[in-house]
$ cat work-v8.tsv   # TSV, C-alpha atoms
chain	number	residue	atom	x	y	z
A	28	MET	CA	-20.17	25.70	35.53
A	29	PRO	CA	-17.25	24.53	37.71
A	30	ARG	CA	-14.10	23.92	35.73
A	31	ARG	CA	-13.92	20.26	36.74
A	32	PHE	CA	-17.20	19.64	34.85
A	33	VAL	CA	-16.16	21.40	31.66
A	34	ASP	CA	-16.17	18.73	28.96
A	35	TYR	CA	-15.75	19.32	25.23
A	36	LEU	CA	-13.59	18.14	22.37
A	37	PRO	CA	-10.15	19.85	22.37
A	38	GLY	CA	-9.69	22.25	19.51
A	39	SER	CA	-13.40	22.24	18.69
A	40	SER	CA	-16.50	24.06	19.83
A	41	ALA	CA	-18.51	20.82	20.00
A	42	LEU	CA	-19.82	20.34	23.53
A	43	MET	CA	-20.80	17.14	25.27
A	44	ALA	CA	-24.51	16.48	25.93
A	45	HIS	CA	-24.43	17.62	29.56
A	46	MET	CA	-22.71	20.93	28.84
A	47	PRO	CA	-24.52	24.28	28.55
A	48	LYS	CA	-24.75	25.88	25.13
A	49	LYS	CA	-22.05	28.48	25.85
A	50	LEU	CA	-18.73	27.99	27.58
A	51	PRO	CA	-17.37	30.83	29.71
A	52	ARG	CA	-14.76	32.64	27.64
A	53	THR	CA	-11.20	32.58	28.92
A	54	GLN	CA	-8.90	35.55	28.54
A	55	ARG	CA	-8.08	35.96	24.87
A	56	ILE	CA	-4.47	35.80	23.82
A	57	PRO	CA	-3.42	38.96	22.00
A	58	SER	CA	-2.81	38.41	18.31
A	59	PRO	CA	-2.75	40.54	15.19
A	60	SER	CA	-6.21	41.66	14.15
A	61	ASP	CA	-7.67	41.28	10.68
A	62	ASP	CA	-7.15	45.02	10.13
A	63	MET	CA	-3.42	44.39	9.91
A	64	TYR	CA	-4.01	42.20	6.87
A	65	PRO	CA	-6.19	43.94	4.24
A	66	PRO	CA	-8.79	41.49	2.89
A	67	SER	CA	-8.73	40.48	-0.75
A	68	ASP	CA	-11.48	41.34	-3.23
A	69	HIS	CA	-13.24	38.00	-2.91
A	70	SER	CA	-15.66	36.87	-0.21
A	71	GLU	CA	-15.03	34.43	2.63
A	72	SER	CA	-18.43	32.79	2.23
A	73	GLN	CA	-18.77	29.04	2.61
A	74	ASP	CA	-20.43	28.66	-0.79
A	75	GLY	CA	-17.12	27.74	-2.39
A	76	PRO	CA	-14.24	29.85	-3.69
A	77	PRO	CA	-15.35	32.55	-6.16
A	78	SER	CA	-13.22	33.89	-8.97
A	79	ILE	CA	-9.71	34.10	-7.61
A	80	ASN	CA	-7.86	37.36	-7.06
A	81	HIS	CA	-4.71	36.31	-5.28
A	82	PRO	CA	-4.42	37.62	-1.73
A	83	ALA	CA	-1.36	39.43	-0.55
A	84	ALA	CA	1.55	37.08	0.06
A	85	HIS	CA	2.02	37.73	3.76
A	86	PRO	CA	1.08	35.59	6.78
A	87	PHE	CA	-2.44	35.65	8.11
A	88	GLU	CA	-3.01	34.86	11.79
A	89	THR	CA	-6.35	33.94	13.35
A	90	GLU	CA	-7.66	34.78	16.78
A	91	PRO	CA	-7.21	32.02	19.40
A	92	ASP	CA	-10.17	29.78	20.16
A	93	SER	CA	-11.45	28.76	23.59
A	94	MET	CA	-8.51	26.36	23.95
A	95	GLY	CA	-5.97	29.05	23.14
A	96	LEU	CA	-5.15	27.52	19.74
A	97	TYR	CA	-4.54	29.80	16.78
A	98	ARG	CA	-3.43	29.35	13.18
A	99	VAL	CA	-0.84	31.06	11.03
A	100	TYR	CA	-1.53	30.79	7.29
A	101	PRO	CA	1.16	31.57	4.67
A	102	THR	CA	-1.43	33.83	3.01
A	103	ARG	CA	-5.04	34.81	3.54
A	104	PRO	CA	-7.19	31.74	2.65
A	105	THR	CA	-9.77	32.03	-0.12
A	106	LEU	CA	-12.07	29.62	1.75
A	107	PHE	CA	-12.64	29.03	5.44
A	108	PRO	CA	-14.31	25.61	5.88
A	109	PRO	CA	-17.17	25.61	8.39
A	110	ASP	CA	-16.25	24.66	11.93
A	111	ASP	CA	-17.55	21.39	13.36
A	112	SER	CA	-20.05	22.74	15.85
A	113	HIS	CA	-21.94	19.52	16.67
A	114	LEU	CA	-20.82	16.24	18.17
A	115	ILE	CA	-22.44	14.31	15.30
A	116	SER	CA	-20.11	16.05	12.84
A	117	LEU	CA	-17.07	14.61	14.62
A	118	THR	CA	-18.27	11.16	15.66
A	119	ASP	CA	-20.17	8.26	14.18
A	120	ALA	CA	-22.14	5.88	16.41
A	121	PRO	CA	-25.66	4.39	16.18
A	122	THR	CA	-26.34	5.29	19.82
A	123	LEU	CA	-26.00	9.06	19.34
A	124	GLU	CA	-29.18	10.98	19.90
A	125	GLY	CA	-30.38	14.42	18.91
A	126	PRO	CA	-31.70	16.19	15.82
A	127	GLN	CA	-28.32	16.20	14.10
A	128	ALA	CA	-27.92	12.44	14.54
A	129	ALA	CA	-31.42	11.77	13.21
A	130	GLU	CA	-30.79	13.97	10.19
A	131	SER	CA	-27.47	12.25	9.46
A	132	ASN	CA	-28.83	8.71	9.82
A	133	SER	CA	-31.88	9.41	7.66
A	134	ASN	CA	-29.71	9.94	4.61
A	135	ALA	CA	-29.84	6.26	3.60
A	136	ALA	CA	-29.41	6.60	-0.14
A	137	HIS	CA	-26.11	8.44	-0.40
A	138	VAL	CA	-24.80	9.11	-3.91
A	139	ALA	CA	-21.05	8.72	-4.12
A	140	THR	CA	-19.06	11.34	-5.99
A	141	GLY	CA	-16.98	10.75	-9.07
A	142	PHE	CA	-19.61	10.47	-11.81
A	143	ALA	CA	-20.92	13.04	-14.26
A	144	PRO	CA	-24.33	14.42	-13.12
A	145	PRO	CA	-25.93	14.15	-16.62
A	146	ASP	CA	-25.15	10.41	-16.74
A	147	VAL	CA	-25.88	9.33	-13.18
A	148	ASP	CA	-28.83	10.69	-11.26
A	149	ILE	CA	-31.11	9.38	-8.53
A	150	ASP	CA	-33.50	7.79	-11.03
A	151	SER	CA	-30.79	5.76	-12.80
A	152	LEU	CA	-29.16	4.36	-9.66
A	153	PHE	CA	-31.55	1.38	-9.55
A	154	ASP	CA	-31.88	0.68	-13.30
A	155	ALA	CA	-30.04	-2.61	-12.84
A	156	PHE	CA	-32.75	-4.10	-10.62
A	157	THR	CA	-36.30	-5.28	-11.15
A	158	ASN	CA	-37.65	-2.04	-9.68
A	159	THR	CA	-36.62	0.77	-7.34
A	160	SER	CA	-37.95	-1.01	-4.26
A	161	CYS	CA	-35.79	-4.08	-4.94
A	162	GLY	CA	-32.86	-1.77	-5.57
A	163	LEU	CA	-33.33	-0.10	-2.19
A	164	LEU	CA	-33.40	-3.49	-0.46
A	165	MET	CA	-30.22	-4.51	-2.29
A	166	ALA	CA	-28.58	-1.24	-1.24
A	167	TRP	CA	-29.33	-2.15	2.37
A	168	PHE	CA	-28.24	-5.77	1.76
A	169	TYR	CA	-24.83	-4.78	0.34
A	170	SER	CA	-24.11	-2.15	3.00
A	171	GLY	CA	-23.68	-2.27	6.76
A	172	THR	CA	-22.42	-5.32	8.59
A	173	THR	CA	-22.53	-8.96	7.55
A	174	GLN	CA	-24.31	-9.80	10.81
A	175	LYS	CA	-27.54	-7.84	10.89
A	176	SER	CA	-28.29	-6.39	14.34
A	177	ASN	CA	-30.90	-4.13	15.88
A	178	ALA	CA	-29.13	-1.14	14.38
A	179	GLU	CA	-29.27	-2.81	10.94
A	180	ALA	CA	-33.00	-3.44	11.38
A	181	ILE	CA	-33.46	0.26	12.05
A	182	ARG	CA	-31.49	1.02	8.88
A	183	LEU	CA	-33.78	-1.32	6.93
A	184	ALA	CA	-36.80	0.58	8.24
A	185	ARG	CA	-35.30	3.80	6.87
A	186	TYR	CA	-34.81	2.20	3.44
A	187	THR	CA	-38.38	0.91	3.35
A	188	SER	CA	-39.67	4.35	4.35
A	189	HIS	CA	-38.02	5.92	1.29
A	190	PRO	CA	-40.62	7.72	-0.91
A	191	SER	CA	-39.66	5.50	-3.89
A	192	PHE	CA	-40.18	2.25	-1.97
A	193	LYS	CA	-43.40	0.33	-2.72
A	194	GLY	CA	-44.08	-2.81	-0.69
A	195	GLU	CA	-46.11	-4.50	-3.45
A	196	GLU	CA	-43.04	-4.45	-5.73
A	197	THR	CA	-41.12	-6.74	-3.38
A	198	ALA	CA	-43.61	-9.62	-3.33
A	199	SER	CA	-41.23	-11.81	-5.37
A	200	PHE	CA	-37.97	-10.22	-4.16
A	201	ASP	CA	-34.99	-12.58	-4.50
A	202	PRO	CA	-31.51	-11.22	-3.63
A	203	VAL	CA	-29.81	-13.90	-5.77
A	204	HIS	CA	-31.83	-12.87	-8.82
A	205	GLU	CA	-31.23	-9.18	-8.19
A	206	GLY	CA	-27.50	-9.85	-7.82
A	207	LYS	CA	-27.42	-11.53	-11.24
A	208	LEU	CA	-29.28	-8.58	-12.75
A	209	LEU	CA	-26.65	-6.27	-11.29
A	210	ASP	CA	-23.83	-8.37	-12.79
A	211	ASN	CA	-25.46	-8.27	-16.23
A	212	PHE	CA	-26.00	-4.54	-15.91
A	213	LEU	CA	-22.34	-3.88	-15.16
A	214	ARG	CA	-21.26	-5.94	-18.20
A	215	ASP	CA	-23.32	-3.68	-20.45
A	216	LYS	CA	-21.15	-0.82	-21.71
A	217	SER	CA	-24.19	1.48	-21.87
A	218	ASN	CA	-24.65	1.56	-18.07
A	219	PRO	CA	-23.88	4.81	-16.21
A	220	PHE	CA	-20.95	3.16	-14.42
A	221	ARG	CA	-19.15	2.29	-17.67
A	222	GLU	CA	-15.39	2.42	-18.08
A	223	GLU	CA	-15.48	5.93	-19.50
A	224	HIS	CA	-16.16	7.18	-15.97
A	225	GLY	CA	-12.69	6.19	-14.84
A	226	TRP	CA	-12.65	2.43	-14.28
A	227	ARG	CA	-10.20	0.36	-16.33
A	228	GLN	CA	-9.28	-3.30	-16.43
A	229	SER	CA	-5.62	-4.11	-17.01
A	230	THR	CA	-3.16	-6.96	-16.91
A	231	VAL	CA	-0.08	-6.45	-14.76
A	232	LYS	CA	3.18	-8.15	-15.69
A	233	ILE	CA	5.63	-9.02	-12.91
A	234	ARG	CA	9.20	-10.22	-13.33
A	235	LEU	CA	9.88	-13.11	-10.93
A	236	PRO	CA	13.08	-14.30	-9.27
A	237	LYS	CA	14.09	-17.94	-9.04
A	238	GLU	CA	16.17	-19.63	-6.39
A	239	ARG	CA	19.78	-20.36	-7.44
A	240	LYS	CA	19.16	-18.83	-10.87
A	241	SER	CA	20.40	-15.53	-12.26
A	242	TRP	CA	19.91	-13.62	-15.49
A	243	THR	CA	22.00	-11.00	-17.24
A	244	SER	CA	19.14	-8.48	-17.03
A	245	GLU	CA	15.69	-8.18	-15.49
A	246	ALA	CA	14.13	-8.41	-18.96
A	247	ASP	CA	15.37	-12.02	-19.24
A	248	ALA	CA	13.65	-13.15	-16.00
A	249	PRO	CA	10.38	-15.14	-16.25
A	250	GLU	CA	7.25	-13.05	-16.42
A	251	LEU	CA	3.98	-13.59	-14.62
A	252	GLU	CA	0.79	-12.00	-15.94
A	253	VAL	CA	-1.90	-11.01	-13.44
A	254	PRO	CA	-5.18	-10.29	-15.28
A	255	GLY	CA	-8.30	-8.67	-13.92
A	256	VAL	CA	-6.79	-5.67	-12.12
A	257	TYR	CA	-9.50	-2.97	-11.96
A	258	HIS	CA	-8.30	0.57	-11.36
A	259	ARG	CA	-9.27	4.22	-11.71
A	260	SER	CA	-7.40	7.31	-12.77
A	261	LEU	CA	-6.17	9.39	-9.83
A	262	THR	CA	-6.69	12.55	-11.88
A	263	SER	CA	-10.32	11.59	-12.45
A	264	ILE	CA	-10.91	11.05	-8.72
A	265	ILE	CA	-9.24	14.35	-7.76
A	266	ARG	CA	-11.17	16.34	-10.37
A	267	SER	CA	-14.58	14.85	-9.54
A	268	THR	CA	-14.04	15.32	-5.80
A	269	PHE	CA	-12.88	18.92	-6.11
A	270	GLU	CA	-15.91	19.67	-8.31
A	271	ASP	CA	-18.27	18.14	-5.74
A	272	ASP	CA	-19.91	20.12	-2.91
A	273	ILE	CA	-17.84	18.15	-0.38
A	274	SER	CA	-14.85	20.28	-1.42
A	275	LYS	CA	-16.40	23.19	0.49
A	276	THR	CA	-15.22	21.44	3.67
A	277	PHE	CA	-11.65	20.99	2.36
A	278	HIS	CA	-8.69	22.96	3.70
A	279	PHE	CA	-7.00	24.24	0.54
A	280	THR	CA	-4.63	26.58	2.35
A	281	PRO	CA	-2.36	24.82	4.87
A	282	TYR	CA	-1.39	26.46	8.13
A	283	SER	CA	0.74	26.11	11.23
A	284	GLN	CA	-1.13	25.73	14.51
A	285	TYR	CA	0.17	27.03	17.83
A	286	TRP	CA	-0.80	27.02	21.49
A	287	LYS	CA	0.39	29.92	23.58
A	288	VAL	CA	1.02	28.41	26.98
A	289	SER	CA	2.16	31.69	28.52
A	290	ASP	CA	3.57	35.05	27.49
A	291	THR	CA	7.00	33.45	27.15
A	292	LYS	CA	6.17	29.98	25.82
A	293	THR	CA	4.43	28.95	22.59
A	294	VAL	CA	4.07	25.33	21.48
A	295	GLN	CA	3.44	24.22	17.91
A	296	VAL	CA	0.59	21.73	17.58
A	297	PHE	CA	0.54	18.93	14.99
A	298	SER	CA	-2.95	17.58	14.41
A	299	GLU	CA	-4.00	17.34	10.75
A	300	ALA	CA	-2.30	16.61	7.44
A	301	TYR	CA	-3.06	20.13	6.23
A	302	SER	CA	-1.23	21.62	9.22
A	303	SER	CA	1.97	19.61	8.69
A	304	PRO	CA	5.33	21.13	7.65
A	305	ALA	CA	5.39	18.89	4.56
A	306	MET	CA	2.08	20.33	3.36
A	307	LEU	CA	3.33	23.88	3.89
A	308	ASP	CA	6.57	23.16	2.03
A	309	VAL	CA	4.78	21.77	-1.02
A	310	TYR	CA	2.26	24.63	-0.97
A	311	THR	CA	5.12	27.13	-1.00
A	312	LYS	CA	6.91	25.35	-3.84
A	313	ILE	CA	3.94	25.18	-6.21
A	314	ASN	CA	3.09	28.85	-5.59
A	315	THR	CA	6.63	29.98	-6.41
A	316	LEU	CA	6.68	28.23	-9.79
A	317	PRO	CA	6.56	30.54	-12.83
A	318	ARG	CA	3.15	31.20	-14.37
A	319	GLU	CA	2.03	31.38	-17.95
A	320	PRO	CA	0.60	34.70	-19.19
A	321	GLY	CA	-3.01	35.04	-18.07
A	322	ASP	CA	-2.76	32.27	-15.46
A	323	ASP	CA	-4.52	33.66	-12.38
A	324	LEU	CA	-5.88	30.37	-11.00
A	325	GLU	CA	-5.35	29.48	-7.37
A	326	ARG	CA	-2.77	26.75	-6.80
A	327	VAL	CA	-3.58	24.23	-4.08
A	328	VAL	CA	-2.20	20.91	-2.86
A	329	ALA	CA	-4.18	17.66	-2.97
A	330	PRO	CA	-2.49	15.36	-0.40
A	331	LEU	CA	-3.43	11.77	-1.15
A	332	MET	CA	-3.44	9.13	1.61
A	333	MET	CA	-3.24	5.59	0.18
A	334	TRP	CA	-4.27	2.39	1.96
A	335	SER	CA	-4.59	-1.26	1.06
A	336	ASP	CA	-5.43	-4.41	2.96
A	337	ALA	CA	-6.88	-7.83	2.23
A	338	THR	CA	-10.67	-8.04	2.45
A	339	HIS	CA	-12.61	-11.23	3.07
A	340	LEU	CA	-15.43	-11.49	0.51
A	341	THR	CA	-17.56	-14.36	1.81
A	342	ASN	CA	-18.92	-15.64	5.10
A	343	PHE	CA	-17.76	-19.17	4.16
A	344	GLY	CA	-14.57	-20.02	2.31
A	345	ASP	CA	-11.38	-18.07	1.77
A	346	ALA	CA	-12.24	-15.82	-1.19
A	347	SER	CA	-10.51	-12.45	-0.73
A	348	LEU	CA	-9.51	-9.33	-2.61
A	349	TRP	CA	-7.04	-6.52	-2.11
A	350	PRO	CA	-8.84	-3.17	-2.46
A	351	PHE	CA	-6.69	-0.08	-2.94
A	352	TYR	CA	-8.36	3.05	-1.61
A	353	MET	CA	-7.55	6.68	-1.02
A	354	TYR	CA	-8.42	9.56	1.29
A	355	PHE	CA	-7.80	13.29	0.85
A	356	GLY	CA	-5.57	14.93	3.43
A	357	ASN	CA	-7.52	18.16	2.90
A	358	GLN	CA	-10.31	16.65	5.00
A	359	SER	CA	-10.31	16.56	8.77
A	360	LYS	CA	-9.27	13.27	10.36
A	361	TYR	CA	-12.61	13.24	12.18
A	362	THR	CA	-14.44	13.30	8.85
A	363	ARG	CA	-12.20	10.62	7.32
A	364	GLY	CA	-12.81	8.37	10.32
A	365	LYS	CA	-16.61	8.40	9.92
A	366	PRO	CA	-17.99	5.63	7.66
A	367	THR	CA	-21.12	7.68	7.01
A	368	SER	CA	-19.05	10.55	5.57
A	369	HIS	CA	-18.14	8.39	2.53
A	370	ALA	CA	-14.66	9.95	2.48
A	371	CYS	CA	-13.03	6.79	1.07
A	372	HIS	CA	-12.38	6.65	-2.69
A	373	HIS	CA	-11.77	3.26	-4.31
A	374	VAL	CA	-8.76	3.32	-6.62
A	375	ALA	CA	-8.12	-0.31	-7.56
A	376	TYR	CA	-9.05	-3.93	-6.87
A	377	ILE	CA	-6.09	-6.28	-6.93
A	378	PRO	CA	-6.76	-10.04	-7.28
A	379	THR	CA	-4.89	-12.48	-5.08
A	380	VAL	CA	-2.10	-14.29	-6.91
A	381	CYS	CA	-1.16	-17.88	-6.01
A	382	PHE	CA	2.57	-18.31	-6.50
A	383	PHE	CA	3.94	-21.60	-7.76
A	384	ARG	CA	7.32	-23.15	-8.38
A	385	ILE	CA	8.92	-21.99	-11.65
A	386	ASN	CA	11.04	-24.46	-13.54
A	387	SER	CA	14.24	-23.47	-15.26
A	388	VAL	CA	13.77	-21.39	-18.34

$ encode --input "work-v8.tsv" --output "structure tokens"
Amino acid sequence: MPRRFVDYLPGSSALMAHMPKKLPRTQRIPSPSDDMYPPSDHSESQDGPPSINHPAAHPFETEPDSMGLYRVYPTRPTLFPPDDSHLISLTDAPTLEGPQAAESNSNAAHVATGFAPPDVDIDSLFDAFTNTSCGLLMAWFYSGTTQKSNAEAIRLARYTSHPSFKGEETASFDPVHEGKLLDNFLRDKSNPFREEHGWRQSTVKIRLPKERKSWTSEADAPELEVPGVYHRSLTSIIRSTFEDDISKTFHFTPYSQYWKVSDTKTVQVFSEAYSSPAMLDVYTKINTLPREPGDDLERVVAPLMMWSDATHLTNFGDASLWPFYMYFGNQSKYTRGKPTSHACHHVAYIPTVCFFRINSV
């Protein structure tokens, strides 16, 4: 194909729809072969890291891809995440076509990570509702956009085609009634989403300033209590995510990425959090710390990316909430940017506080 028609995502093997299956290979840039770096005892399979035998502590360099990009790892990785070979794995749009898009969109009932498998399974997800069919309709009702479109109607059809959906069970379906059942279910401490799975409710105390008033110490300033702050343990989120199958796509070993422009010029490329100098510095520090006797576990970095913004809760009125959510920097930015990847982890819900004038204390 003429070069002017070559069209694919930079740094990826994902081709556009009009491209042939194989791109013509450009001249490969010479780089050290794998024979220069003896492999460790464990496998490079994508089934997750096996028992760890630490690789030799010397750099490991990959072969350049079709764009001429190559990576330099501080040590041989124990896991090589699968490459994104399809456009659907890098993008998220209802207009995409193809078998991969159909397979991705058909997964309507996604189970979020972070809960113990013995306590939460597919059968218990809809225990709060009148029946499974009503639960599926409420799952559609609470997800997607607030303005239902043609794409939302197609999503509804996928929910109603679920094997557990029975049309006769929805004869008296009422979303208001099902919403009340859900509220009562969450108040019951025996539900699978109980506080023991990480959620806590706390009261935050804030010391407030006052105009033209000073105190000898911060402890003497007036205090405002903000109740109803729901939050989760960061350790719980990290552990549950790393134990989930999604961790097989994580980059646990950071690297530096380079582009060899010519024989005399090489440019470093900054693209992902796990290829940043900060990630490499922290990775080096934690792997140089002293170890206890018998400690042969692999040490990895979990970069956390925190976000928060006000969210409007109703179509009418001004009710709002401040959710606090987190992403893992071990994931590709393309994966984090896809709503259907469910890469966002909710950490806290902060109520809006109305400030008022404080009289002299």

$ atom_distance --input "work-v8.tsv" --atom1 "atom CA of A:Leu261" --atom2 "atom CA of A:Ser274"
16.3 Å

$ atom_distance --input "work-v8.tsv" --atom1 "atom CA of A:Leu208" --atom2 "atom CA of A:Ala155"
6.0 Å

$ residues_around --input "work-v8.tsv" --residues "stretch 350-356 of chain A" --least-positions-apart "3" --cutoff "8 Å" --atoms "only C-alpha atoms" --output "list in words"
Glu299, Ala300, Tyr301, Ala329, Pro330, Leu331, Met332, Met333, Trp334, Ser335, Asp336, Ala337, Thr338, Ser359, Arg363, Ala370, Cys371, His372, His373, Val374, Ala375, Tyr376 and Ile377 of chain A

$ closest_atom_pairs --input "work-v8.tsv" --of "stretch 178-216 of chain A" --to "stretch 164-171 of chain A" --cutoff "10 Å" --atoms "all atoms listed in the file" --output "JSON lines"
{"residue": "A:Ala178", "atom": "CA", "partner": "A:Gly171", "partner_atom": "CA", "distance": 9.4}
{"residue": "A:Glu179", "atom": "CA", "partner": "A:Gly171", "partner_atom": "CA", "distance": 7.0}
{"residue": "A:Ala180", "atom": "CA", "partner": "A:Trp167", "partner_atom": "CA", "distance": 9.8}
{"residue": "A:Arg182", "atom": "CA", "partner": "A:Trp167", "partner_atom": "CA", "distance": 7.6}
{"residue": "A:Leu183", "atom": "CA", "partner": "A:Trp167", "partner_atom": "CA", "distance": 6.4}
{"residue": "A:Ala184", "atom": "CA", "partner": "A:Trp167", "partner_atom": "CA", "distance": 9.9}
{"residue": "A:Arg185", "atom": "CA", "partner": "A:Trp167", "partner_atom": "CA", "distance": 9.6}
{"residue": "A:Tyr186", "atom": "CA", "partner": "A:Leu164", "partner_atom": "CA", "distance": 7.0}
{"residue": "A:Thr187", "atom": "CA", "partner": "A:Leu164", "partner_atom": "CA", "distance": 7.7}
{"residue": "A:Phe192", "atom": "CA", "partner": "A:Leu164", "partner_atom": "CA", "distance": 9.0}
{"residue": "A:Thr197", "atom": "CA", "partner": "A:Leu164", "partner_atom": "CA", "distance": 8.9}
{"residue": "A:Phe200", "atom": "CA", "partner": "A:Leu164", "partner_atom": "CA", "distance": 8.9}
{"residue": "A:Asp201", "atom": "CA", "partner": "A:Met165", "partner_atom": "CA", "distance": 9.6}
{"residue": "A:Pro202", "atom": "CA", "partner": "A:Met165", "partner_atom": "CA", "distance": 7.0}
{"residue": "A:Glu205", "atom": "CA", "partner": "A:Met165", "partner_atom": "CA", "distance": 7.6}
{"residue": "A:Gly206", "atom": "CA", "partner": "A:Met165", "partner_atom": "CA", "distance": 8.2}
{"residue": "A:Leu209", "atom": "CA", "partner": "A:Met165", "partner_atom": "CA", "distance": 9.8}

$ atom_distance --input "work-v8.tsv" --atom1 "atom CA of A:Tyr257" --atom2 "atom CA of A:Ser229"
6.5 Å

$ closest_residue --input "work-v8.tsv" --among "A:Ile264, A:Leu163, A:Val99, A:Leu340" --to "A:Gln284" --atoms "all atoms listed in the file"
A:Val99

$ closest_residue --input "work-v8.tsv" --among "A:Ala346, A:Pro29, A:Thr230, A:Cys161" --to "A:Val203" --atoms "all atoms listed in the file"
A:Cys161

$ residues_around --input "work-v8.tsv" --residues "A:Thr280" --least-positions-apart "2" --cutoff "7 Å" --atoms "all atoms listed in the file" --output "JSON, numbers by chain"
{"A": [104, 278, 282, 327]}

$ residues_around --input "work-v8.tsv" --residues "A:Thr311" --least-positions-apart "6" --cutoff "12 Å" --atoms "only C-alpha atoms" --output "list in words"
Ala84, Tyr100, Pro101, Thr102, Thr280, Pro281, Tyr282, Pro304, Ala305, Arg326, Val327 and Val328 of chain A

$ build_atoms --input "work-v8.tsv" --residues "stretch 165-179 of chain A" --atoms "N, CA and C atoms" --output "compact mmCIF listing (two decimals), in the coordinates of the input"
# COMPACT_ATOMS: atom_id res chain seq x y z
N MET A 165 -31.57 -4.05 -1.99
CA MET A 165 -30.22 -4.51 -2.29
C MET A 165 -29.17 -3.52 -1.78
N ALA A 166 -29.50 -2.23 -1.80
CA ALA A 166 -28.58 -1.24 -1.24
C ALA A 166 -28.38 -1.48 0.25
N TRP A 167 -29.46 -1.81 0.94
CA TRP A 167 -29.33 -2.15 2.37
C TRP A 167 -28.57 -3.47 2.54
N PHE A 168 -28.84 -4.45 1.65
CA PHE A 168 -28.24 -5.77 1.76
C PHE A 168 -26.72 -5.71 1.58
N TYR A 169 -26.26 -4.87 0.64
CA TYR A 169 -24.83 -4.78 0.34
C TYR A 169 -24.08 -3.85 1.28
N SER A 170 -24.77 -3.09 2.11
CA SER A 170 -24.11 -2.15 3.00
C SER A 170 -24.25 -2.63 4.44
N GLY A 171 -23.59 -1.91 5.34
CA GLY A 171 -23.68 -2.27 6.76
C GLY A 171 -22.82 -3.47 7.09
N THR A 172 -23.19 -4.18 8.12
CA THR A 172 -22.42 -5.32 8.59
C THR A 172 -22.94 -6.62 7.98
N THR A 173 -22.11 -7.65 8.05
CA THR A 173 -22.53 -8.96 7.55
C THR A 173 -23.44 -9.68 8.55
N GLN A 174 -23.43 -9.24 9.78
CA GLN A 174 -24.31 -9.80 10.81
C GLN A 174 -25.32 -8.72 11.19
N LYS A 175 -26.53 -8.87 10.69
CA LYS A 175 -27.54 -7.84 10.89
C LYS A 175 -27.98 -7.79 12.34
N SER A 176 -27.97 -6.59 12.92
CA SER A 176 -28.29 -6.39 14.34
C SER A 176 -29.52 -5.49 14.45
N ASN A 177 -29.79 -5.04 15.67
CA ASN A 177 -30.90 -4.13 15.88
C ASN A 177 -30.68 -2.82 15.12
N ALA A 178 -29.44 -2.37 15.12
CA ALA A 178 -29.13 -1.14 14.38
C ALA A 178 -29.37 -1.34 12.89
N GLU A 179 -29.03 -2.54 12.36
CA GLU A 179 -29.27 -2.81 10.94
C GLU A 179 -30.77 -2.89 10.64
